[in-house]
>>> print(open('coords_27.csv').read())   # CSV, C-alpha atoms
chain,number,residue,atom,x,y,z
W,1,ASP,CA,16.7,-21.4,-0.1
W,2,ALA,CA,14.7,-23.0,2.7
W,3,LYS,CA,11.0,-22.6,2.1
W,4,THR,CA,7.8,-23.2,4.0
W,5,THR,CA,4.4,-24.7,2.9
W,6,GLN,CA,1.2,-23.5,4.5
W,7,PRO,CA,-2.5,-24.1,3.6
W,8,ASN,CA,-3.9,-21.2,1.6
W,9,SER,CA,-6.8,-20.7,4.0
W,10,MET,CA,-8.4,-21.9,7.2
W,11,GLU,CA,-11.6,-21.2,9.1
W,12,SER,CA,-12.3,-21.2,12.8
W,13,ASN,CA,-15.1,-20.4,15.1
W,14,GLU,CA,-14.8,-17.6,17.7
W,15,GLU,CA,-13.5,-18.7,21.1
W,16,GLU,CA,-12.2,-22.1,19.8
W,17,PRO,CA,-8.5,-23.0,19.5
W,18,VAL,CA,-6.9,-22.7,16.1
W,19,HIS,CA,-3.9,-24.8,14.9
W,20,LEU,CA,-2.1,-23.4,11.9
W,21,PRO,CA,0.3,-25.9,10.3
W,22,CYS,CA,3.6,-25.2,8.5
W,23,ASN,CA,5.9,-27.6,6.7
W,24,HIS,CA,9.6,-26.7,6.3
W,25,SER,CA,11.3,-30.0,5.4
W,26,THR,CA,14.5,-28.3,4.1
W,27,ILE,CA,15.1,-26.4,7.3
W,28,SER,CA,18.8,-26.3,8.4
W,29,GLY,CA,20.0,-26.6,11.9
W,30,THR,CA,20.5,-22.8,12.5
W,31,ASP,CA,17.2,-21.6,10.9
W,32,TYR,CA,14.8,-20.0,13.3
W,33,ILE,CA,11.0,-20.4,12.7
W,34,HIS,CA,9.1,-17.2,12.8
W,35,TRP,CA,5.4,-16.4,12.6
W,36,TYR,CA,4.0,-13.1,11.6
W,37,ARG,CA,0.4,-12.0,10.9
W,38,GLN,CA,-0.9,-9.3,8.7
W,39,LEU,CA,-4.3,-7.5,8.8
W,40,PRO,CA,-5.7,-6.0,5.6
W,41,SER,CA,-3.8,-2.9,4.5
W,42,GLN,CA,-1.4,-3.1,7.4
W,43,GLY,CA,2.2,-4.2,7.9
W,44,PRO,CA,2.9,-7.6,9.3
W,45,GLU,CA,3.0,-8.0,13.1
W,46,TYR,CA,5.4,-10.4,14.9
W,47,VAL,CA,3.7,-13.2,16.7
W,48,ILE,CA,6.3,-15.7,17.9
W,49,HIS,CA,9.5,-17.4,17.0
W,50,GLY,CA,11.5,-20.5,18.1
W,51,LEU,CA,14.4,-22.7,17.3
W,52,THR,CA,13.9,-26.2,18.7
W,53,SER,CA,11.7,-26.1,21.8
W,54,ASN,CA,8.1,-25.2,22.0
W,55,VAL,CA,7.5,-21.5,22.9
W,56,ASN,CA,4.6,-19.6,24.5
W,57,ASN,CA,3.8,-15.9,24.7
W,58,ARG,CA,0.8,-13.8,25.4
W,59,MET,CA,-0.3,-14.0,21.7
W,60,ALA,CA,0.2,-17.7,20.9
W,61,SER,CA,2.1,-20.9,21.3
W,62,LEU,CA,4.5,-22.5,18.8
W,63,ALA,CA,4.9,-26.2,18.7
W,64,ILE,CA,7.9,-27.5,16.8
W,65,ALA,CA,8.2,-31.1,15.7
W,66,GLU,CA,11.2,-33.1,17.0
W,67,ASP,CA,12.8,-33.3,13.6
W,68,ARG,CA,12.0,-29.6,13.0
W,69,LYS,CA,10.5,-30.3,9.6
W,70,SER,CA,7.1,-28.9,10.7
W,71,SER,CA,5.6,-26.5,13.2
W,72,THR,CA,2.2,-25.4,14.4
W,73,LEU,CA,1.0,-22.0,15.6
W,74,ILE,CA,-1.6,-22.4,18.2
W,75,LEU,CA,-4.1,-19.6,19.0
W,76,HIS,CA,-5.8,-20.8,22.2
W,77,ARG,CA,-9.0,-18.9,21.8
W,78,ALA,CA,-9.7,-17.3,18.5
W,79,THR,CA,-11.3,-13.9,18.4
W,80,LEU,CA,-12.6,-11.9,15.5
W,81,ARG,CA,-9.5,-9.7,15.7
W,82,ASP,CA,-7.3,-12.8,14.9
W,83,ALA,CA,-8.7,-12.9,11.4
W,84,ALA,CA,-5.5,-12.2,9.3
W,85,VAL,CA,-3.0,-13.8,7.0
W,86,TYR,CA,-0.5,-15.8,9.0
W,87,TYR,CA,3.0,-16.2,7.7
W,88,CYS,CA,5.4,-19.0,8.7
W,89,ILE,CA,8.9,-18.0,7.9
W,90,LEU,CA,12.4,-19.3,8.2
W,91,LYS,CA,14.9,-16.9,9.5
W,92,ILE,CA,18.1,-17.9,7.8
W,93,TYR,CA,21.0,-17.4,10.2
W,94,GLY,CA,24.2,-15.8,9.0
W,95,GLY,CA,25.4,-15.6,5.4
W,96,SER,CA,25.1,-12.5,3.4
W,97,GLN,CA,21.4,-12.2,3.6
W,98,GLY,CA,19.8,-13.1,6.8
W,99,ASN,CA,16.4,-11.8,5.9
W,100,LEU,CA,13.0,-13.4,6.3
W,101,ILE,CA,11.5,-15.1,3.2
W,102,PHE,CA,7.7,-14.5,3.2
W,103,GLY,CA,5.4,-16.9,1.3
W,104,LYS,CA,1.7,-16.4,0.7
W,105,GLY,CA,0.7,-17.4,4.2
W,106,THR,CA,-2.6,-18.8,5.5
W,107,LYS,CA,-5.6,-16.6,5.5
W,108,LEU,CA,-7.5,-17.3,8.7
W,109,SER,CA,-11.2,-16.5,8.9
W,110,VAL,CA,-13.0,-16.4,12.2
W,111,LYS,CA,-16.7,-16.9,12.4
W,112,PRO,CA,-18.7,-15.4,15.3
I,1,ASP,CA,5.8,5.6,21.5
I,2,GLY,CA,8.6,3.9,19.5
I,3,GLY,CA,7.9,2.6,16.1
I,4,ILE,CA,8.3,2.9,12.4
I,5,THR,CA,6.6,5.6,10.4
I,6,GLN,CA,6.0,5.4,6.7
I,7,SER,CA,4.8,8.2,4.6
I,8,PRO,CA,2.8,8.9,2.6
I,9,LYS,CA,0.1,6.3,3.1
I,10,TYR,CA,-1.0,6.6,-0.6
I,11,LEU,CA,1.2,7.8,-3.5
I,12,PHE,CA,0.6,8.2,-7.2
I,13,ARG,CA,3.3,8.2,-9.8
I,14,LYS,CA,3.1,9.6,-13.3
I,15,GLU,CA,4.8,7.9,-16.2
I,16,GLY,CA,8.6,8.5,-16.2
I,17,GLN,CA,8.6,10.0,-12.7
I,18,ASN,CA,10.8,9.1,-9.8
I,19,VAL,CA,9.0,9.0,-6.4
I,20,THR,CA,10.5,8.6,-2.9
I,21,LEU,CA,8.9,6.7,0.0
I,22,SER,CA,9.9,7.8,3.5
I,23,CYS,CA,10.7,5.4,6.3
I,24,GLU,CA,11.7,6.6,9.8
I,25,GLN,CA,12.2,4.6,13.0
I,26,ASN,CA,12.9,5.7,16.6
I,27,LEU,CA,13.6,2.2,17.9
I,28,ASN,CA,17.4,2.6,17.7
I,29,HIS,CA,17.5,-0.4,15.4
I,30,ASP,CA,20.6,-1.1,13.3
I,31,ALA,CA,19.0,-3.0,10.4
I,32,MET,CA,16.3,-1.7,8.1
I,33,TYR,CA,14.5,-3.3,5.2
I,34,TRP,CA,12.2,-2.5,2.3
I,35,TYR,CA,9.6,-5.1,1.0
I,36,ARG,CA,7.2,-5.0,-1.8
I,37,GLN,CA,3.8,-6.8,-1.6
I,38,ASP,CA,1.6,-7.4,-4.6
I,39,PRO,CA,-2.1,-8.3,-4.1
I,40,GLY,CA,-2.6,-11.8,-2.7
I,41,GLN,CA,1.1,-12.4,-2.6
I,42,GLY,CA,3.8,-12.6,0.1
I,43,LEU,CA,6.5,-10.0,0.7
I,44,ARG,CA,9.6,-9.7,-1.5
I,45,LEU,CA,12.8,-8.0,-0.3
I,46,ILE,CA,13.9,-5.0,-2.3
I,47,TYR,CA,16.9,-3.6,-0.3
I,48,TYR,CA,18.2,-3.9,3.2
I,49,SER,CA,20.7,-2.1,5.3
I,50,GLN,CA,22.6,-3.4,8.4
I,51,ILE,CA,24.4,-0.2,9.2
I,52,VAL,CA,24.5,3.5,8.3
I,53,ASN,CA,26.1,4.2,4.9
I,54,ASP,CA,25.8,0.6,3.8
I,55,PHE,CA,23.0,-1.4,2.1
I,56,GLN,CA,22.6,-4.5,0.0
I,57,LYS,CA,20.3,-5.5,-2.8
I,58,GLY,CA,17.5,-7.9,-2.1
I,59,ASP,CA,15.7,-10.2,-4.5
I,60,ILE,CA,14.0,-7.5,-6.7
I,61,ALA,CA,16.2,-4.4,-6.5
I,62,GLU,CA,16.0,-3.4,-10.2
I,63,GLY,CA,14.3,-0.1,-10.7
I,64,TYR,CA,14.7,0.9,-7.0
I,65,SER,CA,17.4,2.9,-5.1
I,66,VAL,CA,17.9,3.6,-1.4
I,67,SER,CA,20.2,5.6,0.9
I,68,ARG,CA,21.1,5.2,4.6
I,69,GLU,CA,22.7,8.4,5.7
I,70,LYS,CA,21.1,8.3,9.2
I,71,LYS,CA,20.4,5.4,11.5
I,72,GLU,CA,16.8,6.5,11.8
I,73,SER,CA,16.0,6.9,8.1
I,74,PHE,CA,15.9,4.5,5.1
I,75,PRO,CA,14.1,6.2,2.1
I,76,LEU,CA,13.2,4.2,-1.0
I,77,THR,CA,13.2,5.8,-4.4
I,78,VAL,CA,11.1,4.1,-7.1
I,79,THR,CA,12.7,5.1,-10.4
I,80,SER,CA,11.2,5.4,-13.8
I,81,ALA,CA,13.1,2.2,-14.7
I,82,GLN,CA,10.6,0.3,-12.5
I,83,LYS,CA,8.0,-0.5,-15.1
I,84,ASN,CA,5.5,-2.1,-12.8
I,85,PRO,CA,5.6,-0.1,-9.6
I,86,THR,CA,2.0,-0.5,-8.4
I,87,ALA,CA,2.3,-2.4,-5.1
I,88,PHE,CA,2.1,-2.1,-1.3
I,89,TYR,CA,5.5,-1.1,0.1
I,90,LEU,CA,6.6,-2.0,3.6
I,91,CYS,CA,9.5,-0.8,5.6
I,92,ALA,CA,10.8,-2.8,8.6
I,93,SER,CA,13.6,-2.7,11.1
I,94,SER,CA,15.2,-5.1,13.5
I,95,ILE,CA,17.7,-5.1,16.4
I,96,GLY,CA,21.2,-5.9,15.3
I,97,GLY,CA,22.1,-7.3,11.9
I,98,THR,CA,20.4,-9.6,9.6
I,99,GLY,CA,22.3,-12.6,11.0
I,100,THR,CA,20.5,-12.4,14.3
I,101,PRO,CA,17.2,-14.2,15.1
I,102,GLY,CA,15.5,-11.0,16.2
I,103,LYS,CA,12.1,-10.0,15.1
I,104,LEU,CA,11.1,-7.5,12.5
I,105,PHE,CA,9.0,-4.4,13.3
I,106,PHE,CA,7.0,-3.1,10.3
I,107,GLY,CA,5.5,0.2,9.4
I,108,SER,CA,1.9,0.6,8.2
I,109,GLY,CA,2.9,0.7,4.5
I,110,THR,CA,2.6,2.9,1.5
I,111,GLN,CA,0.3,2.0,-1.4
I,112,LEU,CA,1.9,3.2,-4.7
I,113,SER,CA,-0.2,3.5,-7.8
I,114,VAL,CA,0.5,4.6,-11.3
I,115,LEU,CA,-1.6,7.3,-12.9
>>> encode(input="coords_27.csv", output="structure tokens")
Amino acid sequence: DAKTTQPNSMESNEEEPVHLPCNHSTISGTDYIHWYRQLPSQGPEYVIHGLTSNVNNRMASLAIAEDRKSSTLILHRATLRDAAVYYCILKIYGGSQGNLIFGKGTKLSVKP
Amino acid sequence: DGGITQSPKYLFRKEGQNVTLSCEQNLNHDAMYWYRQDPGQGLRLIYYSQIVNDFQKGDIAEGYSVSREKKESFPLTVTSAQKNPTAFYLCASSIGGTGTPGKLFFGSGTQLSVL
């Protein structure tokens, strides 16, 4: 199964940009890259997803490397409410089980 | 507001008892999922369903059972065969089947503990 590698934890200062890296060297051509985040004692929340091109939405930006073996989630101005565990996930397309495979994620701390 | 409702928020199970976790969605989504999360760990898939009256085992289905009699509902039963049931259980749904790139919508979870 295609897997992702993320740092266990990162720290950021409030109001500064945050770049959360993810490596997925075994990604296949049809796998989508998804990002979710999870606050304590809550269910994960969708952040963004992409296939090949960079993507932007109101929450974040997703930068995908040209060879698709890595990606970066960019929070443009971190707030205290952005402190969460961020999961980088490959959405395996097709097959008998197109579910998302969640790893341990990156725990982001935001300092005031 | 549309969303996924899980109940109860906290549940306690006695030795040898079966317990059922409820999951209801009003998003009109076809696919529904159950995940288990242990402290400090990622999510592991227990069961998923792409359509009413059909469901498939995930990675850790042993000791669990599900049903999908209605599109809106996907209850999970933790049976007495599950020897280590203490965990945070998450239900999710998505538009279309599992082969689509669509996003997952999660409920707020049920914390199950053993007495």
>>> closest_residue(input="coords_27.csv", among="W:Thr52, W:Thr4, W:Ser41, W:Ser61", to="chain I", atoms="only C-alpha atoms")
W:Ser41
>>> residues_near_point(input="coords_27.csv", point="(-2.8, -21.2, 21.1)", cutoff="8 Å", atoms="only C-alpha atoms", output="number ranges by chain")
W: 17-19, 59-62, 73-77
>>> write_last_selection(input="coords_27.csv", atoms="C-alpha atoms", output="mmCIF file, in the frame of the given file")
data_model
loop_
_atom_site.group_PDB
_atom_site.id
_atom_site.type_symbol
_atom_site.label_atom_id
_atom_site.label_comp_id
_atom_site.auth_asym_id
_atom_site.auth_seq_id
_atom_site.Cartn_x
_atom_site.Cartn_y
_atom_site.Cartn_z
ATOM 1 C CA PRO W 17 -8.500 -23.000 19.500
ATOM 2 C CA VAL W 18 -6.900 -22.700 16.100
ATOM 3 C CA HIS W 19 -3.900 -24.800 14.900
ATOM 4 C CA MET W 59 -0.300 -14.000 21.700
ATOM 5 C CA ALA W 60 0.200 -17.700 20.900
ATOM 6 C CA SER W 61 2.100 -20.900 21.300
ATOM 7 C CA LEU W 62 4.500 -22.500 18.800
ATOM 8 C CA LEU W 73 1.000 -22.000 15.600
ATOM 9 C CA ILE W 74 -1.600 -22.400 18.200
ATOM 10 C CA LEU W 75 -4.100 -19.600 19.000
ATOM 11 C CA HIS W 76 -5.800 -20.800 22.200
ATOM 12 C CA ARG W 77 -9.000 -18.900 21.800
#
>>> closest_residue(input="coords_27.csv", among="I:Pro85, I:Gly42, I:Gly58, I:Gly63", to="chain W", atoms="only C-alpha atoms")
I:Gly42
>>> residues_around(input="coords_27.csv", residues="I:Pro8", least_positions_apart="6", cutoff="8 Å", atoms="all atoms listed in the file", output="list in words")
Leu21, Ser22 and Thr110 of chain I
>>> atom_distance(input="coords_27.csv", atom1="atom CA of W:Ile101", atom2="atom CA of W:Glu66")
22.7 Å
>>> closest_residue(input="coords_27.csv", among="I:Ser7, I:Gln25, I:Gln41, I:Asn18", to="W:Val85", atoms="only C-alpha atoms")
I:Gln41
>>> build_atoms(input="coords_27.csv", residues="stretch 39-59 of chain W", atoms="N, CA, C and O atoms", output="PDB file, in the frame of the given file")
ATOM      1  N   LEU W  39      -2.895  -7.964   9.041  1.00  0.00           N
ATOM      2  CA  LEU W  39      -4.300  -7.500   8.800  1.00  0.00           C
ATOM      3  C   LEU W  39      -4.350  -6.764   7.521  1.00  0.00           C
ATOM      4  O   LEU W  39      -3.330  -6.258   7.045  1.00  0.00           O
ATOM      5  N   PRO W  40      -5.531  -6.663   6.916  1.00  0.00           N
ATOM      6  CA  PRO W  40      -5.700  -6.000   5.600  1.00  0.00           C
ATOM      7  C   PRO W  40      -5.115  -4.549   5.675  1.00  0.00           C
ATOM      8  O   PRO W  40      -5.364  -3.805   6.627  1.00  0.00           O
ATOM      9  N   SER W  41      -4.330  -4.204   4.671  1.00  0.00           N
ATOM     10  CA  SER W  41      -3.800  -2.900   4.500  1.00  0.00           C
ATOM     11  C   SER W  41      -2.884  -2.417   5.645  1.00  0.00           C
ATOM     12  O   SER W  41      -2.734  -1.223   5.918  1.00  0.00           O
ATOM     13  N   GLN W  42      -2.300  -3.378   6.343  1.00  0.00           N
ATOM     14  CA  GLN W  42      -1.400  -3.100   7.400  1.00  0.00           C
ATOM     15  C   GLN W  42      -0.070  -3.837   7.231  1.00  0.00           C
ATOM     16  O   GLN W  42      -0.019  -4.793   6.462  1.00  0.00           O
ATOM     17  N   GLY W  43       0.969  -3.424   7.941  1.00  0.00           N
ATOM     18  CA  GLY W  43       2.200  -4.200   7.900  1.00  0.00           C
ATOM     19  C   GLY W  43       2.094  -5.420   8.784  1.00  0.00           C
ATOM     20  O   GLY W  43       1.284  -5.479   9.702  1.00  0.00           O
ATOM     21  N   PRO W  44       2.902  -6.438   8.499  1.00  0.00           N
ATOM     22  CA  PRO W  44       2.900  -7.600   9.300  1.00  0.00           C
ATOM     23  C   PRO W  44       3.270  -7.341  10.763  1.00  0.00           C
ATOM     24  O   PRO W  44       4.020  -6.399  11.050  1.00  0.00           O
ATOM     25  N   GLU W  45       2.763  -8.173  11.643  1.00  0.00           N
ATOM     26  CA  GLU W  45       3.000  -8.000  13.100  1.00  0.00           C
ATOM     27  C   GLU W  45       3.659  -9.322  13.561  1.00  0.00           C
ATOM     28  O   GLU W  45       3.183 -10.427  13.263  1.00  0.00           O
ATOM     29  N   TYR W  46       4.729  -9.194  14.322  1.00  0.00           N
ATOM     30  CA  TYR W  46       5.400 -10.400  14.900  1.00  0.00           C
ATOM     31  C   TYR W  46       4.481 -11.106  15.837  1.00  0.00           C
ATOM     32  O   TYR W  46       3.765 -10.496  16.628  1.00  0.00           O
ATOM     33  N   VAL W  47       4.482 -12.438  15.742  1.00  0.00           N
ATOM     34  CA  VAL W  47       3.700 -13.200  16.700  1.00  0.00           C
ATOM     35  C   VAL W  47       4.577 -14.023  17.611  1.00  0.00           C
ATOM     36  O   VAL W  47       4.474 -13.907  18.828  1.00  0.00           O
ATOM     37  N   ILE W  48       5.506 -14.822  17.055  1.00  0.00           N
ATOM     38  CA  ILE W  48       6.300 -15.700  17.900  1.00  0.00           C
ATOM     39  C   ILE W  48       7.445 -16.256  17.072  1.00  0.00           C
ATOM     40  O   ILE W  48       7.378 -16.248  15.833  1.00  0.00           O
ATOM     41  N   HIS W  49       8.506 -16.717  17.715  1.00  0.00           N
ATOM     42  CA  HIS W  49       9.500 -17.400  17.000  1.00  0.00           C
ATOM     43  C   HIS W  49      10.182 -18.469  17.917  1.00  0.00           C
ATOM     44  O   HIS W  49      10.106 -18.366  19.155  1.00  0.00           O
ATOM     45  N   GLY W  50      10.818 -19.484  17.295  1.00  0.00           N
ATOM     46  CA  GLY W  50      11.500 -20.500  18.100  1.00  0.00           C
ATOM     47  C   GLY W  50      12.542 -21.213  17.250  1.00  0.00           C
ATOM     48  O   GLY W  50      12.619 -21.056  16.031  1.00  0.00           O
ATOM     49  N   LEU W  51      13.352 -22.019  17.934  1.00  0.00           N
ATOM     50  CA  LEU W  51      14.400 -22.700  17.300  1.00  0.00           C
ATOM     51  C   LEU W  51      14.192 -24.255  17.359  1.00  0.00           C
ATOM     52  O   LEU W  51      14.084 -24.934  16.351  1.00  0.00           O
ATOM     53  N   THR W  52      14.113 -24.766  18.588  1.00  0.00           N
ATOM     54  CA  THR W  52      13.900 -26.200  18.700  1.00  0.00           C
ATOM     55  C   THR W  52      12.784 -26.517  19.733  1.00  0.00           C
ATOM     56  O   THR W  52      11.968 -27.402  19.485  1.00  0.00           O
ATOM     57  N   SER W  53      12.741 -25.767  20.807  1.00  0.00           N
ATOM     58  CA  SER W  53      11.700 -26.100  21.800  1.00  0.00           C
ATOM     59  C   SER W  53      10.442 -25.328  21.580  1.00  0.00           C
ATOM     60  O   SER W  53      10.419 -24.300  20.905  1.00  0.00           O
ATOM     61  N   ASN W  54       9.359 -25.855  22.129  1.00  0.00           N
ATOM     62  CA  ASN W  54       8.100 -25.200  22.000  1.00  0.00           C
ATOM     63  C   ASN W  54       8.158 -23.840  22.791  1.00  0.00           C
ATOM     64  O   ASN W  54       8.897 -23.700  23.772  1.00  0.00           O
ATOM     65  N   VAL W  55       7.413 -22.859  22.312  1.00  0.00           N
ATOM     66  CA  VAL W  55       7.500 -21.500  22.900  1.00  0.00           C
ATOM     67  C   VAL W  55       6.064 -21.003  23.133  1.00  0.00           C
ATOM     68  O   VAL W  55       5.130 -21.318  22.382  1.00  0.00           O
ATOM     69  N   ASN W  56       5.928 -20.232  24.188  1.00  0.00           N
ATOM     70  CA  ASN W  56       4.600 -19.600  24.500  1.00  0.00           C
ATOM     71  C   ASN W  56       4.838 -18.132  24.739  1.00  0.00           C
ATOM     72  O   ASN W  56       5.851 -17.713  25.309  1.00  0.00           O
ATOM     73  N   ASN W  57       3.885 -17.334  24.305  1.00  0.00           N
ATOM     74  CA  ASN W  57       3.800 -15.900  24.700  1.00  0.00           C
ATOM     75  C   ASN W  57       2.387 -15.522  24.837  1.00  0.00           C
ATOM     76  O   ASN W  57       1.487 -16.365  24.728  1.00  0.00           O
ATOM     77  N   ARG W  58       2.161 -14.242  25.062  1.00  0.00           N
ATOM     78  CA  ARG W  58       0.800 -13.800  25.400  1.00  0.00           C
ATOM     79  C   ARG W  58      -0.128 -13.926  24.133  1.00  0.00           C
ATOM     80  O   ARG W  58      -1.343 -13.954  24.244  1.00  0.00           O
ATOM     81  N   MET W  59       0.473 -13.994  22.945  1.00  0.00           N
ATOM     82  CA  MET W  59      -0.300 -14.000  21.700  1.00  0.00           C
ATOM     83  C   MET W  59      -0.666 -15.476  21.315  1.00  0.00           C
ATOM     84  O   MET W  59      -1.765 -15.756  20.812  1.00  0.00           O
TER      85      MET W  59
END
